$ cat upload20.txt   # compact mmCIF, C-alpha atoms and all ligand atoms
# COMPACT_ATOMS: atom_id res chain seq x y z
CA ARG X 1 -15.83 7.25 17.77
CA VAL X 2 -15.22 3.93 16.09
CA PHE X 3 -17.97 2.30 14.08
CA GLU X 4 -18.26 -1.23 12.73
CA ASP X 5 -17.97 0.08 9.16
CA ARG X 6 -18.29 3.23 7.03
CA ASP X 7 -21.97 2.60 6.46
CA GLU X 8 -22.78 2.81 10.18
CA GLY X 9 -20.49 5.80 10.69
CA SER X 10 -22.04 7.67 7.76
CA LYS X 11 -25.56 6.95 9.01
CA PHE X 12 -24.61 8.34 12.41
CA VAL X 13 -23.38 11.65 10.89
CA ALA X 14 -26.45 11.84 8.63
CA THR X 15 -28.76 11.41 11.62
CA GLU X 16 -26.97 14.20 13.50
CA ILE X 17 -27.19 16.56 10.53
CA ALA X 18 -30.85 15.68 9.86
CA ALA X 19 -31.73 16.27 13.53
CA LEU X 20 -30.23 19.76 13.44
CA ILE X 21 -31.99 20.65 10.16
CA LYS X 22 -35.32 19.42 11.59
CA GLU X 23 -34.85 21.44 14.76
CA LYS X 24 -33.93 24.58 12.81
CA ASN X 25 -36.76 24.06 10.31
CA LYS X 26 -39.22 24.03 13.20
CA LEU X 27 -37.86 27.37 14.37
CA ASP X 28 -37.89 28.65 10.77
CA LYS X 29 -34.13 29.16 10.96
CA TYR X 30 -31.41 28.43 8.43
CA THR X 31 -28.96 25.57 8.90
CA VAL X 32 -25.50 26.43 7.58
CA LEU X 33 -23.50 23.39 6.54
CA GLY X 34 -19.87 23.12 5.46
CA LEU X 35 -19.51 20.23 3.03
CA ALA X 36 -16.67 18.13 1.70
CA THR X 37 -15.99 16.16 -1.46
CA GLY X 38 -13.95 12.99 -2.04
CA SER X 39 -15.03 9.42 -1.32
CA SER X 40 -15.35 9.88 2.47
CA PRO X 41 -18.72 11.70 2.53
CA LEU X 42 -20.36 9.68 -0.27
CA LEU X 43 -22.43 7.40 1.98
CA LEU X 44 -23.37 10.36 4.17
CA TYR X 45 -24.85 12.12 1.13
CA LYS X 46 -26.66 8.93 0.09
CA GLU X 47 -28.22 8.68 3.53
CA LEU X 48 -29.25 12.36 3.56
CA ILE X 49 -30.94 11.82 0.18
CA ARG X 50 -32.76 8.78 1.63
CA ILE X 51 -33.91 10.78 4.66
CA HIS X 52 -35.15 13.53 2.31
CA LYS X 53 -37.03 11.10 0.04
CA GLU X 54 -38.38 8.66 2.61
CA GLU X 55 -38.83 10.83 5.69
CA GLY X 56 -39.60 14.13 3.98
CA LEU X 57 -36.69 16.12 5.43
CA SER X 58 -36.64 19.49 3.64
CA PHE X 59 -33.41 21.28 2.71
CA LYS X 60 -35.21 24.51 1.77
CA ASN X 61 -33.76 26.24 4.82
CA VAL X 62 -30.26 24.84 4.35
CA ILE X 63 -27.34 26.93 3.13
CA THR X 64 -24.16 25.08 2.15
CA PHE X 65 -20.54 26.09 1.69
CA ASN X 66 -18.17 23.63 0.10
CA LEU X 67 -14.63 23.42 1.33
CA ASP X 68 -12.73 23.57 -1.90
CA GLU X 69 -12.38 23.41 -5.68
CA TYR X 70 -9.49 22.80 -8.01
CA TYR X 71 -8.14 25.92 -9.74
CA PRO X 72 -8.50 26.52 -12.57
CA MET X 73 -11.59 24.38 -13.02
CA ASN X 74 -14.71 24.71 -15.10
CA PRO X 75 -17.80 23.71 -13.06
CA VAL X 76 -19.06 21.50 -15.88
CA ASP X 77 -15.83 19.47 -16.12
CA ALA X 78 -15.97 15.84 -14.94
CA GLN X 79 -13.43 16.41 -12.14
CA SER X 80 -14.98 19.57 -10.74
CA TYR X 81 -16.19 19.46 -7.15
CA ASN X 82 -19.15 21.51 -8.33
CA LYS X 83 -20.24 18.65 -10.57
CA PHE X 84 -19.50 16.11 -7.82
CA MET X 85 -21.77 17.91 -5.36
CA HIS X 86 -24.65 18.23 -7.80
CA GLU X 87 -24.41 14.60 -8.85
CA ASN X 88 -24.02 13.18 -5.36
CA LEU X 89 -26.31 15.45 -3.34
CA PHE X 90 -27.81 18.69 -4.59
CA SER X 91 -29.73 17.41 -7.61
CA HIS X 92 -31.50 14.85 -5.37
CA ILE X 93 -32.77 17.20 -2.65
CA ASP X 94 -34.91 20.36 -2.49
CA ILE X 95 -32.07 22.79 -1.67
CA LYS X 96 -32.44 26.19 -3.34
CA PRO X 97 -29.71 26.76 -5.98
CA GLU X 98 -29.01 30.21 -4.54
CA ASN X 99 -28.19 28.59 -1.18
CA VAL X 100 -25.39 26.47 -2.62
CA ASN X 101 -21.88 27.93 -2.37
CA ILE X 102 -18.87 26.22 -3.94
CA PRO X 103 -15.53 27.98 -4.55
CA ASP X 104 -15.51 29.17 -8.17
CA GLY X 105 -12.65 27.68 -10.15
CA THR X 106 -13.16 30.18 -12.99
CA ILE X 107 -12.39 33.36 -10.99
CA PRO X 108 -9.75 35.44 -12.78
CA MET X 109 -6.47 35.48 -10.84
CA GLY X 110 -6.68 39.24 -10.37
CA GLU X 111 -9.98 38.89 -8.50
CA MET X 112 -8.91 35.93 -6.38
CA ASP X 113 -8.15 37.72 -3.11
CA ALA X 114 -11.39 39.70 -3.12
CA TYR X 115 -13.35 36.59 -4.08
CA CYS X 116 -11.84 34.55 -1.22
CA ARG X 117 -12.52 37.32 1.27
CA SER X 118 -16.14 37.51 0.13
CA TYR X 119 -16.51 33.72 0.59
CA ASP X 120 -15.44 34.04 4.24
CA ASN X 121 -17.53 37.18 4.74
CA LYS X 122 -20.62 35.41 3.49
CA ILE X 123 -20.10 32.55 5.97
CA ASN X 124 -19.45 34.98 8.81
CA SER X 125 -22.48 37.12 7.97
CA LEU X 126 -24.67 34.02 8.44
CA GLY X 127 -23.19 33.47 11.90
CA GLY X 128 -20.64 30.84 10.80
CA LEU X 129 -21.06 27.15 10.04
CA ASP X 130 -23.38 25.07 12.23
CA ILE X 131 -21.72 21.84 11.16
CA GLN X 132 -18.59 21.23 9.10
CA VAL X 133 -18.11 17.84 7.45
CA LEU X 134 -14.52 16.86 6.70
CA GLY X 135 -12.52 14.06 5.14
CA ILE X 136 -8.78 13.80 5.66
CA GLY X 137 -6.09 13.58 3.01
CA ARG X 138 -3.02 11.37 3.37
CA THR X 139 -0.97 14.54 3.94
CA GLY X 140 -3.21 15.48 6.88
CA HIS X 141 -5.00 18.07 4.83
CA ILE X 142 -8.54 19.21 5.58
CA GLY X 143 -10.19 20.82 2.59
CA PHE X 144 -7.05 21.64 0.62
CA ASN X 145 -5.23 23.06 3.64
CA GLU X 146 -1.97 21.26 2.99
CA PRO X 147 1.03 20.90 5.33
CA GLY X 148 2.36 24.39 6.03
CA SER X 149 -1.13 25.82 6.61
CA GLN X 150 -1.73 28.01 9.61
CA ILE X 151 -4.59 28.34 12.04
CA SER X 152 -5.05 31.97 10.98
CA ASP X 153 -5.50 31.11 7.28
CA GLY X 154 -8.74 32.17 5.62
CA THR X 155 -10.12 31.08 2.27
CA ARG X 156 -7.35 31.38 -0.31
CA MET X 157 -5.63 29.94 -3.33
CA VAL X 158 -3.14 27.18 -2.43
CA TYR X 159 -0.58 24.93 -4.09
CA LEU X 160 -1.41 21.24 -3.93
CA ASN X 161 0.96 18.82 -2.27
CA ASP X 162 2.64 16.20 -4.44
CA ILE X 163 0.97 13.29 -2.58
CA THR X 164 -2.43 14.95 -3.00
CA ARG X 165 -1.85 15.28 -6.75
CA GLU X 166 -0.80 11.62 -6.88
CA ASP X 167 -4.00 10.61 -5.08
CA ALA X 168 -6.06 12.67 -7.54
CA ALA X 169 -4.24 11.27 -10.61
CA LYS X 170 -6.80 8.51 -11.18
CA ASP X 171 -9.61 11.09 -11.55
CA PHE X 172 -7.63 13.13 -14.08
CA GLY X 173 -6.13 10.31 -16.15
CA GLY X 174 -2.61 10.96 -14.86
CA LYS X 175 -0.86 13.18 -12.33
CA GLU X 176 0.35 15.55 -15.07
CA ASN X 177 -3.30 16.55 -15.65
CA VAL X 178 -4.04 17.33 -11.99
CA PRO X 179 -4.18 21.10 -11.39
CA ARG X 180 -1.32 22.47 -9.32
CA THR X 181 -3.52 24.89 -7.45
CA ALA X 182 -6.89 25.00 -5.72
CA ILE X 183 -9.13 27.31 -3.73
CA THR X 184 -9.83 26.19 -0.16
CA MET X 185 -11.73 27.41 2.83
CA GLY X 186 -9.12 28.17 5.51
CA VAL X 187 -8.40 26.45 8.80
CA LYS X 188 -9.67 29.57 10.57
CA THR X 189 -13.19 29.23 9.14
CA ILE X 190 -13.27 25.47 9.77
CA MET X 191 -12.17 26.02 13.39
CA LYS X 192 -15.02 28.50 13.91
CA ALA X 193 -17.68 25.91 12.95
CA ASN X 194 -19.92 25.01 15.89
CA LYS X 195 -19.45 21.30 15.35
CA VAL X 196 -17.03 19.31 13.19
CA PHE X 197 -17.35 15.73 11.97
CA LEU X 198 -14.21 14.33 10.35
CA MET X 199 -14.87 11.04 8.61
CA GLY X 200 -12.09 8.55 7.94
CA TRP X 201 -12.49 5.11 6.42
CA GLY X 202 -10.06 2.32 5.75
CA GLU X 203 -6.60 1.30 6.85
CA ASN X 204 -4.82 3.63 4.45
CA LYS X 205 -6.08 6.54 6.60
CA ALA X 206 -4.89 4.91 9.87
CA PRO X 207 -1.38 6.52 10.01
CA ILE X 208 -2.62 10.06 9.35
CA VAL X 209 -5.59 9.65 11.72
CA LYS X 210 -3.12 8.66 14.45
CA GLU X 211 -0.88 11.66 13.73
CA ALA X 212 -3.82 14.06 13.62
CA THR X 213 -5.36 12.88 16.89
CA GLU X 214 -2.38 11.76 19.00
CA GLY X 215 0.48 13.74 17.50
CA LEU X 216 1.60 17.32 18.03
CA VAL X 217 -0.69 20.17 17.01
CA THR X 218 1.20 21.50 14.01
CA GLY X 219 0.66 23.12 10.65
CA GLU X 220 2.60 20.21 9.17
CA VAL X 221 -0.51 18.08 9.89
CA PRO X 222 -3.35 20.59 9.43
CA ALA X 223 -6.01 18.17 10.77
CA SER X 224 -4.15 18.24 14.12
CA PHE X 225 -5.45 21.80 14.66
CA LEU X 226 -8.81 20.15 15.33
CA GLN X 227 -7.43 18.87 18.67
CA ASN X 228 -8.10 22.42 19.87
CA HIS X 229 -11.70 22.53 18.65
CA ASP X 230 -14.40 22.40 21.37
CA ASP X 231 -16.78 20.09 19.55
CA VAL X 232 -15.07 17.81 17.06
CA LEU X 233 -15.71 14.14 16.46
CA PHE X 234 -13.54 11.83 14.38
CA VAL X 235 -15.97 9.30 12.92
CA LEU X 236 -13.92 6.24 11.99
CA ASP X 237 -14.30 2.66 10.89
CA LYS X 238 -12.16 -0.06 12.42
CA GLY X 239 -9.54 0.20 9.68
CA ALA X 240 -8.98 3.96 10.09
CA ALA X 241 -8.85 3.54 13.88
CA SER X 242 -6.52 0.54 13.78
CA ARG X 243 -3.37 2.45 14.89
CA LEU X 244 -4.91 4.40 17.76
C1 LIG Z 1 -9.46 15.79 -1.46
C2 LIG Z 1 -10.40 16.83 -0.87
C3 LIG Z 1 -10.50 16.72 0.64
C4 LIG Z 1 -10.76 15.28 1.00
C5 LIG Z 1 -9.58 14.43 0.57
C6 LIG Z 1 -9.72 12.97 0.95
O1 LIG Z 1 -8.16 16.21 -1.50
N1 LIG Z 1 -10.03 18.16 -1.21
O2 LIG Z 1 -11.52 17.59 1.11
O3 LIG Z 1 -10.99 15.17 2.37
O4 LIG Z 1 -9.45 14.54 -0.82
O5 LIG Z 1 -10.36 12.26 -0.07
P1 LIG Z 1 -11.11 10.91 0.14
O6 LIG Z 1 -12.31 11.21 0.97
O7 LIG Z 1 -11.49 10.47 -1.25
O8 LIG Z 1 -10.18 9.98 0.81
$ encode --input "upload20.txt" --output "structure tokens" --more "lines below"
Ligand code: GLP
Amino acid sequence: RVFEDRDEGSKFVATEIAALIKEKNKLDKYTVLGLATGSSPLLLYKELIRIHKEEGLSFKNVITFNLDEYYPMNPVDAQSYNKFMHENLFSHIDIKPENVNIPDGTIPMGEMDAYCRSYDNKINSLGGLDIQVLGIGRTGHIGFNEPGSQISDGTRMVYLNDITREDAAKDFGGKENVPRTAITMGVKTIMKANKVFLMGWGENKAPIVKEATEGLVTGEVPASFLQNHDDVLFVLDKGAASRL
């Protein structure tokens, strides 16, 4: 779906998410959200904060799972996704701290596999994700599922693609400071979400949006796996949709 601009697109996704939370709140049920970082969801989070403050939407029954985190990464560091999420969403709403899940960039390597399995198990034990929010990287990555990812991949430690590290260089004061590894939720968990919104803004996303939506379904463009999801919507502005 193509919107006039990122503001309108973000408001649309926020309204959809708010409607589900309201419905579930009425039934006294949890809403399980998969969340993303990066610039793409920033206006969505702003709008959710506005809906919370001005319309009284409560996040007390919301449980969140973030897609990814750099590894190694201390949650208090400026570049951590943990810090990003608290600054841009969690500290402005009434979500319970124990309901926030973000991959832990301080997990010792020896505990990594068990930790990743427990992340997936926790999501599955709650019945999976109601809604997954995604951005898209220039490599076609979703979360940090880089080219070469498979549909059967669960949460795991991954190596970051060179282009991804280049794109992150500005946040780290140079590519040499960007971690080489990260922890990411897998394609398998994302594909099991009931509903997926992938947000893409601006012309620099146009080539990869075209490949992901009109190209072959392949692990070389992990976002293309979404073509096989039953309820996925690419929420785009005119720039990101300009090559379709
Ligand atoms: C990072 C994140 C992704 C995100 C991507 C795009 O690599 N791990 O989850 O989708 O960047 O970032 P942006 O939204 O800033 O374009």
$ residues_near_ligand --input "upload20.txt" --ligand "ligand LIG 1 (chain Z)" --cutoff "10 Å" --atoms "only C-alpha atoms and all ligand atoms" --output "number ranges by chain"
X: 35-42, 66-70, 81, 133-146, 160-161, 163-165, 167-168, 182-185, 198-202, 204-205
$ write_last_selection --input "upload20.txt" --atoms "C-alpha atoms" --output "CSV table (one decimal), keeping the file's coordinate frame"
chain,number,residue,atom,x,y,z
X,35,LEU,CA,-19.5,20.2,3.0
X,36,ALA,CA,-16.7,18.1,1.7
X,37,THR,CA,-16.0,16.2,-1.5
X,38,GLY,CA,-14.0,13.0,-2.0
X,39,SER,CA,-15.0,9.4,-1.3
X,40,SER,CA,-15.4,9.9,2.5
X,41,PRO,CA,-18.7,11.7,2.5
X,42,LEU,CA,-20.4,9.7,-0.3
X,66,ASN,CA,-18.2,23.6,0.1
X,67,LEU,CA,-14.6,23.4,1.3
X,68,ASP,CA,-12.7,23.6,-1.9
X,69,GLU,CA,-12.4,23.4,-5.7
X,70,TYR,CA,-9.5,22.8,-8.0
X,81,TYR,CA,-16.2,19.5,-7.2
X,133,VAL,CA,-18.1,17.8,7.4
X,134,LEU,CA,-14.5,16.9,6.7
X,135,GLY,CA,-12.5,14.1,5.1
X,136,ILE,CA,-8.8,13.8,5.7
X,137,GLY,CA,-6.1,13.6,3.0
X,138,ARG,CA,-3.0,11.4,3.4
X,139,THR,CA,-1.0,14.5,3.9
X,140,GLY,CA,-3.2,15.5,6.9
X,141,HIS,CA,-5.0,18.1,4.8
X,142,ILE,CA,-8.5,19.2,5.6
X,143,GLY,CA,-10.2,20.8,2.6
X,144,PHE,CA,-7.0,21.6,0.6
X,145,ASN,CA,-5.2,23.1,3.6
X,146,GLU,CA,-2.0,21.3,3.0
X,160,LEU,CA,-1.4,21.2,-3.9
X,161,ASN,CA,1.0,18.8,-2.3
X,163,ILE,CA,1.0,13.3,-2.6
X,164,THR,CA,-2.4,15.0,-3.0
X,165,ARG,CA,-1.8,15.3,-6.8
X,167,ASP,CA,-4.0,10.6,-5.1
X,168,ALA,CA,-6.1,12.7,-7.5
X,182,ALA,CA,-6.9,25.0,-5.7
X,183,ILE,CA,-9.1,27.3,-3.7
X,184,THR,CA,-9.8,26.2,-0.2
X,185,MET,CA,-11.7,27.4,2.8
X,198,LEU,CA,-14.2,14.3,10.4
X,199,MET,CA,-14.9,11.0,8.6
X,200,GLY,CA,-12.1,8.6,7.9
X,201,TRP,CA,-12.5,5.1,6.4
X,202,GLY,CA,-10.1,2.3,5.8
X,204,ASN,CA,-4.8,3.6,4.4
X,205,LYS,CA,-6.1,6.5,6.6
$ closest_residue --input "upload20.txt" --among "X:Asp120, X:Glu111, X:Glu47, X:Asp171" --to "Ile93 of chain X" --atoms "all atoms listed in the file"
X:Glu47
$ closest_residue --input "upload20.txt" --among "X:Gly128, X:Pro207, X:Gly239, X:Gly173" --to "Ile190 of chain X" --atoms "all atoms listed in the file"
X:Gly128
$ atom_distance --input "upload20.txt" --atom1 "atom CA of Lys192 of chain X" --atom2 "atom CA of Thr213 of chain X"
18.6 Å
$ atom_distance --input "upload20.txt" --atom1 "atom CA of Asp113 of chain X" --atom2 "atom CA of Phe65 of chain X"
17.7 Å
$ closest_residue --input "upload20.txt" --among "X:Gln227, X:Gln132, X:Thr181, X:Ser10" --to "Tyr71 of chain X" --atoms "all atoms listed in the file"
X:Thr181
$ closest_residue --input "upload20.txt" --among "X:Leu233, X:Arg243, X:Ser58, X:Ile107" --to "Gly9 of chain X" --atoms "all atoms listed in the file"
X:Leu233
$ closest_residue --input "upload20.txt" --among "X:Leu226, X:Ile21, X:Asp130, X:Asp104" --to "Val76 of chain X" --atoms "all atoms listed in the file"
X:Asp104
$ residues_around --input "upload20.txt" --residues "Ala19 of chain X" --least-positions-apart "2" --cutoff "12 Å" --atoms "all atoms listed in the file" --output "mmCIF file with C-alpha atoms, keeping the file's coordinate frame"
data_model
loop_
_atom_site.group_PDB
_atom_site.id
_atom_site.type_symbol
_atom_site.label_atom_id
_atom_site.label_comp_id
_atom_site.auth_asym_id
_atom_site.auth_seq_id
_atom_site.Cartn_x
_atom_site.Cartn_y
_atom_site.Cartn_z
ATOM 1 C CA PHE X 12 -24.610 8.340 12.410
ATOM 2 C CA VAL X 13 -23.380 11.650 10.890
ATOM 3 C CA ALA X 14 -26.450 11.840 8.630
ATOM 4 C CA THR X 15 -28.760 11.410 11.620
ATOM 5 C CA GLU X 16 -26.970 14.200 13.500
ATOM 6 C CA ILE X 17 -27.190 16.560 10.530
ATOM 7 C CA ILE X 21 -31.990 20.650 10.160
ATOM 8 C CA LYS X 22 -35.320 19.420 11.590
ATOM 9 C CA GLU X 23 -34.850 21.440 14.760
ATOM 10 C CA LYS X 24 -33.930 24.580 12.810
ATOM 11 C CA ASN X 25 -36.760 24.060 10.310
ATOM 12 C CA LYS X 26 -39.220 24.030 13.200
ATOM 13 C CA THR X 31 -28.960 25.570 8.900
ATOM 14 C CA LEU X 48 -29.250 12.360 3.560
ATOM 15 C CA ILE X 51 -33.910 10.780 4.660
ATOM 16 C CA GLU X 55 -38.830 10.830 5.690
ATOM 17 C CA LEU X 57 -36.690 16.120 5.430
ATOM 18 C CA SER X 58 -36.640 19.490 3.640
ATOM 19 C CA ILE X 131 -21.720 21.840 11.160
#
$ atom_distance --input "upload20.txt" --atom1 "atom CA of Ser125 of chain X" --atom2 "atom CA of Ile151 of chain X"
20.3 Å
$ closest_residue --input "upload20.txt" --among "X:Arg156, X:His92, X:Lys210, X:His52" --to "Ser118 of chain X" --atoms "only C-alpha atoms"
X:Arg156
$ residues_around --input "upload20.txt" --residues "Val217 of chain X" --least-positions-apart "4" --cutoff "12 Å" --atoms "all atoms listed in the file" --output "PDB file with C-alpha atoms, in the coordinates of the input"
ATOM      1  CA  GLY X 140      -3.210  15.480   6.880  1.00  0.00           C
ATOM      2  CA  PRO X 147       1.030  20.900   5.330  1.00  0.00           C
ATOM      3  CA  SER X 149      -1.130  25.820   6.610  1.00  0.00           C
ATOM      4  CA  GLN X 150      -1.730  28.010   9.610  1.00  0.00           C
ATOM      5  CA  ILE X 151      -4.590  28.340  12.040  1.00  0.00           C
ATOM      6  CA  GLU X 211      -0.880  11.660  13.730  1.00  0.00           C
ATOM      7  CA  ALA X 212      -3.820  14.060  13.620  1.00  0.00           C
ATOM      8  CA  THR X 213      -5.360  12.880  16.890  1.00  0.00           C
ATOM      9  CA  VAL X 221      -0.510  18.080   9.890  1.00  0.00           C
ATOM     10  CA  PRO X 222      -3.350  20.590   9.430  1.00  0.00           C
ATOM     11  CA  ALA X 223      -6.010  18.170  10.770  1.00  0.00           C
ATOM     12  CA  SER X 224      -4.150  18.240  14.120  1.00  0.00           C
ATOM     13  CA  PHE X 225      -5.450  21.800  14.660  1.00  0.00           C
ATOM     14  CA  LEU X 226      -8.810  20.150  15.330  1.00  0.00           C
ATOM     15  CA  GLN X 227      -7.430  18.870  18.670  1.00  0.00           C
ATOM     16  CA  ASN X 228      -8.100  22.420  19.870  1.00  0.00           C
ATOM     17  CA  HIS X 229     -11.700  22.530  18.650  1.00  0.00           C
TER      18      HIS X 229
END
$ residues_around --input "upload20.txt" --residues "Asp7 of chain X" --least-positions-apart "4" --cutoff "9 Å" --atoms "all atoms listed in the file" --output "list in words"
Phe3, Lys11, Phe12, Leu43, Leu44 and Asp237 of chain X
$ residues_around --input "upload20.txt" --residues "Glu203 of chain X" --least-positions-apart "3" --cutoff "7 Å" --atoms "only C-alpha atoms" --output "MDAnalysis selection string"
chainID X and resid 206 239:240 242
$ residues_around --input "upload20.txt" --residues "Ser152 of chain X" --least-positions-apart "3" --cutoff "8 Å" --atoms "all atoms listed in the file" --output "list in words"
Gly186, Val187 and Lys188 of chain X
$ write_last_selection --input "upload20.txt" --atoms "C-alpha atoms" --output "short mmCIF file (atom, residue, chain, number, x, y, z; two decimals), keeping the file's coordinate frame"
data_model
loop_
_atom_site.label_atom_id
_atom_site.label_comp_id
_atom_site.auth_asym_id
_atom_site.auth_seq_id
_atom_site.Cartn_x
_atom_site.Cartn_y
_atom_site.Cartn_z
CA GLY X 186 -9.12 28.17 5.51
CA VAL X 187 -8.40 26.45 8.80
CA LYS X 188 -9.67 29.57 10.57
#
